[in-house]
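Reviewing the structure listed below.
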Amino acid sequence: MKEGYELIYERPKSLIKVHNHYCPGCTHGVVHKLLAEVIDELGIENETIGVAPVGCAVLAYDYIDVDWQEAAHGRAQALATGIKRMHPDKYVFTYQGDGDLAAIGTAETVHAANRGENILVVFINNAIYGMTGGQMAPTTLEGQKTSTSPYGRVIDDMGAPVKIADMLALLPKTYYITRQTVADVKGVRAAKKALKKAFEYQKAGKGYCLVEFVANCPSNWKMTPIQSFEWTKENMFPYYPLGDVKTPEE
């Protein structure tokens, strides 16, 4: 840094310097950066274990410099449960999309939450299957077109979009459930605070925490990045409202 200049921002030390493989406009990279920043600020990079998913973020371990385990499709929270119980002094988190967490991994999600496992679940909800070609997900909105719902999701035939955060908040042993976004600067700041709070709750042994990110998928939505952010705000936020769903005060 040049003399006379004040450093106000630098790349998180826990964020590995590699080329980003995500599609242009995808917010996985932003969430990765926030996780790395929080890990750095808490000084827990040597005490953190992540569990990678099956889905677009299957290579999450390439980006954040902590110990990782790769889980079979949908089984991330079952694996995280075993890791945390064997290493209760470690910070353990899963990173999962809606197909991984809310479809094939529904049982693992519900039961880990119901047991109150002391882990953090980072949930990326972009209302579609991203990696496998844009099929309808449990979180796909009513009327939303996908490769397997070309005329839009019809609730009478396909059921309503699942609100995972609201569902898990009803379980007595979940501790902190919140829904955030990184679609704008305000959202990024709030999301970082939520992640940090969740890690701090884990350190205190409080139990199951989930931070949901209402996200976009420009490629499978067939939109530009800017259009996808606008669509997220106009359509996703009304059905998946941002903010804390369950806090310790409740």
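Here, A, B, ... name the chains of the structure tokens in the order displayed, residue numbers run from 1 inside each chain, and ligands are numbered from 1 in the same displayed order.
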
List every residue of range 55-93 of chain A that DSSP, applied to the backbone, labels as strand (DSSP E), and write the result as a compact mmCIF listing (two decimals) with N, CA and C atoms, in the first residue's frame.
```txt
# COMPACT_ATOMS: atom_id res chain seq x y z
N ASP A 67 -11.27 -26.41 6.23
CA ASP A 67 -11.42 -27.85 5.97
C ASP A 67 -12.81 -28.12 5.40
N TRP A 68 -12.90 -29.06 4.49
CA TRP A 68 -14.17 -29.37 3.83
C TRP A 68 -14.40 -30.88 3.79
N GLN A 69 -15.68 -31.23 3.72
CA GLN A 69 -16.10 -32.58 3.39
C GLN A 69 -17.14 -32.48 2.28
N GLU A 70 -17.13 -33.41 1.37
CA GLU A 70 -18.11 -33.46 0.29
C GLU A 70 -19.19 -34.46 0.67
N TYR A 91 -16.32 -25.22 14.33
CA TYR A 91 -17.44 -24.52 13.70
C TYR A 91 -17.79 -25.31 12.44
N VAL A 92 -19.02 -25.78 12.36
CA VAL A 92 -19.44 -26.63 11.24
C VAL A 92 -20.60 -25.97 10.50
N PHE A 93 -20.48 -25.87 9.18
CA PHE A 93 -21.57 -25.32 8.38
C PHE A 93 -21.76 -26.12 7.11
```

Q: Please identify all polymer residues within 7 Å of Gln77 in chain A, counting only C-alpha atoms, omitting same-chain residues fewer than 3 positions from it, and present them as an MDAnalysis selection string.
A: chainID A and resid 80:81 94 108:109 112

- Message: Which residues are close to Gly50 in chain A, i.e. within 12 Å by only C-alpha atoms, leaving aside same-chain residues fewer than 2 positions away? Reply as a ChimeraX atom specification.
- Response: /A:32,35-36,39,45-48,52-53,58-71,76-77,79-81,83-84,90-96,119-122

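Rounded to one decimal, CA of Asn125 in chain A and CA of Leu101 in chain A lie 9.4 Å from each other.
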
Open item on the list: Let me make sure I understand: among A:Leu15, A:Val110, A:Ala102, A:Ala183, which one has the smallest atom-to-atom distance to Pro138 in chain A if we use only C-alpha atoms?
Closed with: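 Closest to Pro138 in chain A, using only C-alpha atoms: A:Ala102.
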
I'd like the neighbourhood of Gly99 in chain A as a ChimeraX atom specification, where a residue qualifies if any of its atoms comes within 8 Å (using only C-alpha atoms), though same-chain residues fewer than 5 positions away should be ignored.
/A:55,74,104-105,128-129,137-138

Requested in this report: Between CA of Gly243 in chain A and CA of Thr178 in chain A, measure the distance and give it in Å to one decimal.
Outcome: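 CA of Thr178 in chain A lies at a distance of 5.8 Å from CA of Gly243 in chain A.
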
### Task
Determine the nearest neighbour of Ala103 in chain A from the options A:Arg85, A:Lys206, A:Arg153, A:His73, counting only C-alpha atoms.
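The closest residue to Ala103 in chain A is A:His73.
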
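With CA of Lys193 in chain A on one side and CA of Asp40 in chain A on the other, the separation reads 13.6 Å.
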
Residues within 6 Å of range 159-171 of chain A, please, as a VMD selection string. Count only C-alpha atoms; anything in the same chain fewer than 6 positions from it doesn't count.
chain A and resid 114 138 to 141 246

Can I get the selected residues back with N, CA and C atoms, as a short mmCIF file (atom, residue, chain, number, x, y, z; two decimals), in the first residue's frame?
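Contents of the output file again_6.cif:
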```cif
data_model
loop_
_atom_site.label_atom_id
_atom_site.label_comp_id
_atom_site.auth_asym_id
_atom_site.auth_seq_id
_atom_site.Cartn_x
_atom_site.Cartn_y
_atom_site.Cartn_z
N ASN A 114 -34.89 -30.62 13.80
CA ASN A 114 -35.74 -31.09 14.89
C ASN A 114 -34.91 -31.55 16.10
N PRO A 138 -38.62 -27.39 -5.40
CA PRO A 138 -39.67 -27.23 -4.40
C PRO A 138 -39.98 -25.76 -4.11
N THR A 139 -39.01 -24.88 -4.39
CA THR A 139 -39.17 -23.45 -4.10
C THR A 139 -39.62 -22.63 -5.30
N THR A 140 -39.79 -23.26 -6.47
CA THR A 140 -40.23 -22.55 -7.67
C THR A 140 -41.58 -21.88 -7.41
N LEU A 141 -41.70 -20.63 -7.83
CA LEU A 141 -42.91 -19.85 -7.55
C LEU A 141 -44.09 -20.29 -8.42
N LYS A 246 -37.11 -16.53 12.96
CA LYS A 246 -37.11 -16.97 14.35
C LYS A 246 -35.83 -16.49 15.01
#
```

Exercise for review: as JSON, numbers by chain, list the residues of range 63-243 of chain A assigned to helix (DSSP H, G or I) by DSSP on the backbone atoms of this structure.
Suggested key: {"A": [76, 77, 78, 79, 80, 81, 82, 83, 84, 85, 86, 98, 99, 100, 101, 102, 103, 104, 106, 107, 108, 109, 110, 111, 112, 113, 114, 115, 155, 156, 157, 158, 164, 165, 166, 167, 168, 169, 185, 186, 187, 188, 189, 190, 191, 192, 193, 194, 195, 196, 197, 198, 199, 200, 201, 202, 203, 218, 219, 220, 221, 225, 226, 227, 228, 229, 230, 231, 232, 233, 234, 235, 236, 237, 238, 239]}

Checklist entry - Counting only C-alpha atoms, what is within 10 Å of Gly205 in chain A, bar same-chain residues fewer than 6 positions away, as a VMD selection string? => result chain A and resid 88 to 89 117 to 119 199

Written file, previous selection with C-alpha atoms, as a CSV table (one decimal), in the first residue's frame:
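Here's the written file result_29.csv:
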```csv
chain,number,residue,atom,x,y,z
A,88,PRO,CA,-18.0,-30.3,19.1
A,89,ASP,CA,-15.3,-27.6,19.4
A,117,GLU,CA,-28.0,-29.9,15.9
A,118,ASN,CA,-25.5,-27.1,16.7
A,119,ILE,CA,-24.6,-26.4,13.1
A,199,PHE,CA,-21.5,-18.5,14.0
```
